[in-house]
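Written out below as structure tokens is the structure these notes cover.
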Amino acid sequence: MPGNGNSLTRLRTAITVFFALDGFVFAGWVVRIPAIKEQTGASASALGLALLGVSAGAVVTMVLTGRLCRRYGNHRVTVVCAVLLSLSVALPPLTHSALALGLVLLVFGAAYGGINVAFNSAAVDLVAAMRRPIMPSFHAAFSLGGMIGAGLGALVAGSLSPTRHLLLLTVVGLLVTAVAGPTLLRQKPPEPPDRERPAEGAAPRRLDGRTRGLVLVFGLIAGCTAYGEGALADWGALHLEEDLGASPGAAAIGYSCFALAMTVGRLTGTTLLERLGRTRTVVAGGATAAAGMLLGSLAPALWMALLGYAVTGIGLANLFPVAVERAGALAGPSGVATASTLGYGGMLLGPPAIGFMADWFSLPAALTSVAILAAVAAAIGFATRGAAAR
């Protein structure tokens with residue numbers, strides 16, 4: 001194993017910083033979407049189409065970033081994508097039409113998708129080298145960064161224009177990259193002694209059908225998890241307000257309960273994985289999330305729904321990190337790219353699917369789909385436990 005314990009600790013810190021930066025920048029952009037909508041004069045439908053630019057850019061880039069990581073290394077791609085993410089977040093306030101906004105969001109989404117594959121691949125290497133299931137700690141940093149970014153964005157929204165706010169995010173992003181980036185660029189990805197690393201730029205080892213199938217399985221688990229995250233982010237507060245009569249302030253607490261519980265779950269994820277193992281963690285997490293979301297969607301009282309949201313966050317917390325780590329351990333950056341793409345696809349599918357089902361049935365009934373898919377993730381984890389262990 002190249003390097004010593006101190007170098008691995010420094011590398012872990014640097015990767016953690018980039019996870020937090022990603023969540024911070026993305027959340028800072030999200031809280032200014034209403035102001036950007038007003039500035040561009042876009043209708044709700046036009047804004048929705050423009051926001052698809054983030055998704056389209058991310059999904060396309062996730063597919064390609066695995067190849068870039070194999071050729072240039074996970075660390076270099078992470079640093080380059082961090083620079084692009086920091087620069088591109090300042091572009092949306094400079095647009096004055098939905099079309100222009102959609103085009104710059106393609107760039108922002110490309111950087112966002114690229115850095116997600118790159119630093120998850122770097123984290124997978126470090127997890128293997130340290131021989132500890134520390135993947136949830138990186139995703140906890142992303143969640144914490146997002147909470148801080150959203151909180152600060154809400155505080156400055158009344159005093160700073162979107163242009164100044166997002167330009168400030170650019171400055172912060174570039175400074176953080178300048179501080180943490182050299183650690184990644186100086187150190188090669190660590191490698192445990194029992195794994196042979198192909199030469200940089202060499203063609204990847206061809207995967208057999210069983211391995212490709214397992215990567216897809218872990219991608220499906222990631223997608224089921226991300227579906228719930230997207231659904232609760234967009235529809236959770238509306239359910240509390242319209243179906244349970246909560247005030248706007250109380251309804252906003254719903255997603256906060258979910259996000260905070262997910263962050264706590266990820267901070268304790270390493271301990272949980274060390275005690276239960278990956279399969280039991282996935283099965284228990286999916287079952288917990290299913291029970292929590294049934295409570296959150298069908299509860300007759302606000303406090304019960306908030307409790308359900310929190311339980312759902314605890315249950316879903318470690319499913320995505322485990323799925324991405326396992327896919328990366330099996331197939332390297334390509335595995336991370338596949339699992340991330342399927343996961344992000346689930347996050348994209350969740351909000352519109354909930355909307356259609358809410359029109360056909362009701363919003364509480366539609367939200368039970370989150371519980372169903374969480375249970376599916378648990379079932380997949382249990383059904384493939386033997387193959388995953390081998």
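Numbering starts fresh at 1 for the residues of each chain in the structure tokens, the chains themselves are lettered A, B, ... in the order given, and ligands are numbered from 1 as they appear.
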Inset, instruction - List the neighbours of Leu52 in chain A out to 9 Å using only C-alpha atoms; skip same-chain residues closer than 3 positions along the sequence, and give me the result as a PyMOL selection string. - result: chain A and resi 47-49+55-57+102+105-106
Given only C-alpha atoms, how would the per-residue table for range 135-190 of chain A near range 320-333 of chain A read, listing every residue at most 8 Å away with its closest atom pair and distance in Å to one decimal, sorted by chain and number, as a tab-separated table?
```
residue	atom	partner	partner_atom	distance
A:Met135	CA	A:Pro321	CA	5.8
A:Pro136	CA	A:Pro321	CA	5.5
A:His139	CA	A:Pro321	CA	6.7
```
Legend entry - Spatial neighbours of Leu64 in chain A, 12 Å, only C-alpha atoms, chain gap at least 2 places, as a list of chain:residue names: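 In the requested form, the answer reads A:Gly57, A:Ala58, A:Val59, A:Val60, A:Thr61, A:Met62, A:Gly66, A:Arg67, A:Leu68, A:Cys69, A:Arg70, A:Arg71, A:Val77, A:Ala110, A:Ala111, A:Gly113, A:Gly114, A:Ile115, A:Val117, A:Ala118, A:Pro333, A:Ser334, A:Gly335, A:Val336, A:Ala337, A:Thr338, A:Ser340, A:Thr341.
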Legend entry - Among the residues A:Phe382, A:Ser369, A:Thr288, A:Gly28, the one that comes closest to Gly146 in chain A [using only C-alpha atoms]: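 Counting only C-alpha atoms, the residue closest to Gly146 in chain A is A:Gly28.
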Legend entry - Selection near Ala379 in chain A, 12 Å with only C-alpha atoms, sequence-local residues under 5 positions removed, as a PyMOL selection string: chain A and resi 217+220-221+224+279-280+282-287+290+372-374+384-385
Inset, instruction - Tell me which protein, DNA and RNA residues are within 7 Å of range 160-165 of chain A, counting only C-alpha atoms, leaving out same-chain ones fewer than 4 positions away, and put them as a list in words. - result: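 Answer for this query is Arg32, Ala35, Ala90, Pro93, Val156 and Leu169 of chain A.
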Legend entry - Atom-to-atom span, CA of Ala50 in chain A and CA of Leu99 in chain A, Å: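 Interatomic distance, CA of Ala50 in chain A to CA of Leu99 in chain A: 6.6 Å.
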Inset, instruction - Can you work out the spacing between CA of Ala27 in chain A and CA of Leu174 in chain A in Å, to one decimal? - result: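 About the pair CA of Ala27 in chain A and CA of Leu174 in chain A: they are 16.5 Å apart.
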Inset, instruction - Determine, counting only C-alpha atoms, which protein, DNA and RNA residues have an atom within 6 Å of an atom of Leu316 in chain A; residues of the same chain fewer than 2 positions away are not included. Present the result as a ChimeraX atom specification. - result: /A:285,289,313-314,318-319
Legend entry - Given only C-alpha atoms as the counted atoms, nearest of A:Gly151, A:Gly145, A:Gly254, A:Gly223 to Leu302 in chain A: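 Of A:Gly151, A:Gly145, A:Gly254, A:Gly223, the one nearest Leu302 in chain A, counting only C-alpha atoms, is A:Gly254.
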For range 350-354 of chain A, please output as a CSV table (one decimal) with N, CA, C and O atoms, in the first residue's frame all residues within 7 Å (counting only C-alpha atoms; exclusion window: fewer than 3 positions along the same chain).
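Produced file part-v4.csv, reproduced below:
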```
chain,number,residue,atom,x,y,z
A,227,TYR,N,-34.7,7.8,-5.7
A,227,TYR,CA,-36.1,8.1,-6.0
A,227,TYR,C,-36.8,8.7,-4.8
A,227,TYR,O,-37.5,9.7,-4.9
A,228,GLY,N,-36.5,8.1,-3.6
A,228,GLY,CA,-37.1,8.6,-2.4
A,228,GLY,C,-36.6,10.0,-2.0
A,228,GLY,O,-37.4,10.9,-1.6
A,230,GLY,N,-35.5,12.4,-4.1
A,230,GLY,CA,-36.1,13.3,-5.0
A,230,GLY,C,-37.5,13.6,-4.7
A,230,GLY,O,-38.0,14.7,-4.7
A,231,ALA,N,-38.3,12.5,-4.4
A,231,ALA,CA,-39.7,12.6,-4.1
A,231,ALA,C,-40.0,13.5,-2.9
A,231,ALA,O,-40.8,14.4,-2.9
A,234,ASP,N,-39.2,17.3,-3.3
A,234,ASP,CA,-40.1,18.1,-4.1
A,234,ASP,C,-41.6,18.0,-3.6
A,234,ASP,O,-42.3,19.0,-3.9
A,346,GLY,N,-33.0,7.7,-10.9
A,346,GLY,CA,-34.1,7.5,-9.9
A,346,GLY,C,-34.5,8.8,-9.3
A,346,GLY,O,-35.7,9.1,-9.1
A,347,MET,N,-33.5,9.7,-9.0
A,347,MET,CA,-33.8,11.0,-8.4
A,347,MET,C,-34.6,11.8,-9.4
A,347,MET,O,-35.5,12.6,-9.1
A,357,MET,N,-48.9,10.2,-10.4
A,357,MET,CA,-49.7,9.3,-9.5
A,357,MET,C,-50.6,10.1,-8.6
A,357,MET,O,-51.7,9.7,-8.3
A,358,ALA,N,-50.1,11.3,-8.2
A,358,ALA,CA,-51.0,12.2,-7.4
A,358,ALA,C,-52.2,12.6,-8.1
A,358,ALA,O,-53.3,12.7,-7.6
A,366,ALA,N,-49.5,8.4,-3.7
A,366,ALA,CA,-48.4,8.5,-4.6
A,366,ALA,C,-47.1,8.4,-3.8
A,366,ALA,O,-46.1,7.7,-4.2
A,367,LEU,N,-47.0,9.0,-2.6
A,367,LEU,CA,-45.8,8.9,-1.8
A,367,LEU,C,-45.6,7.5,-1.2
A,367,LEU,O,-44.4,7.2,-0.8
```
Inset, instruction - Using only C-alpha atoms, find the one residue out of A:Leu342, A:Val63, A:Leu152, A:Leu363 that sits nearest to Gly219 in chain A. - result: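 Of A:Leu342, A:Val63, A:Leu152, A:Leu363, the one nearest Gly219 in chain A is A:Leu342, counting only C-alpha atoms.
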Inset, instruction - Go ahead and compute the interatomic distance for CA of Thr271 in chain A and CA of Glu229 in chain A, in Å to one decimal. - result: 22.9 Å
Inset, instruction - Considering only C-alpha atoms, state which residue in the set A:Leu298, A:Ala180, A:Leu240, A:Met130 is at the smallest distance from Asn6 in chain A. - result: A:Met130
Legend entry - Nearest to Gly213 in chain A, chosen from A:Ile134, A:Ala339, A:Val80, A:Ala378, with only C-alpha atoms counted in the distances: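 Result for the nearest residue to Gly213 in chain A: A:Ala339.
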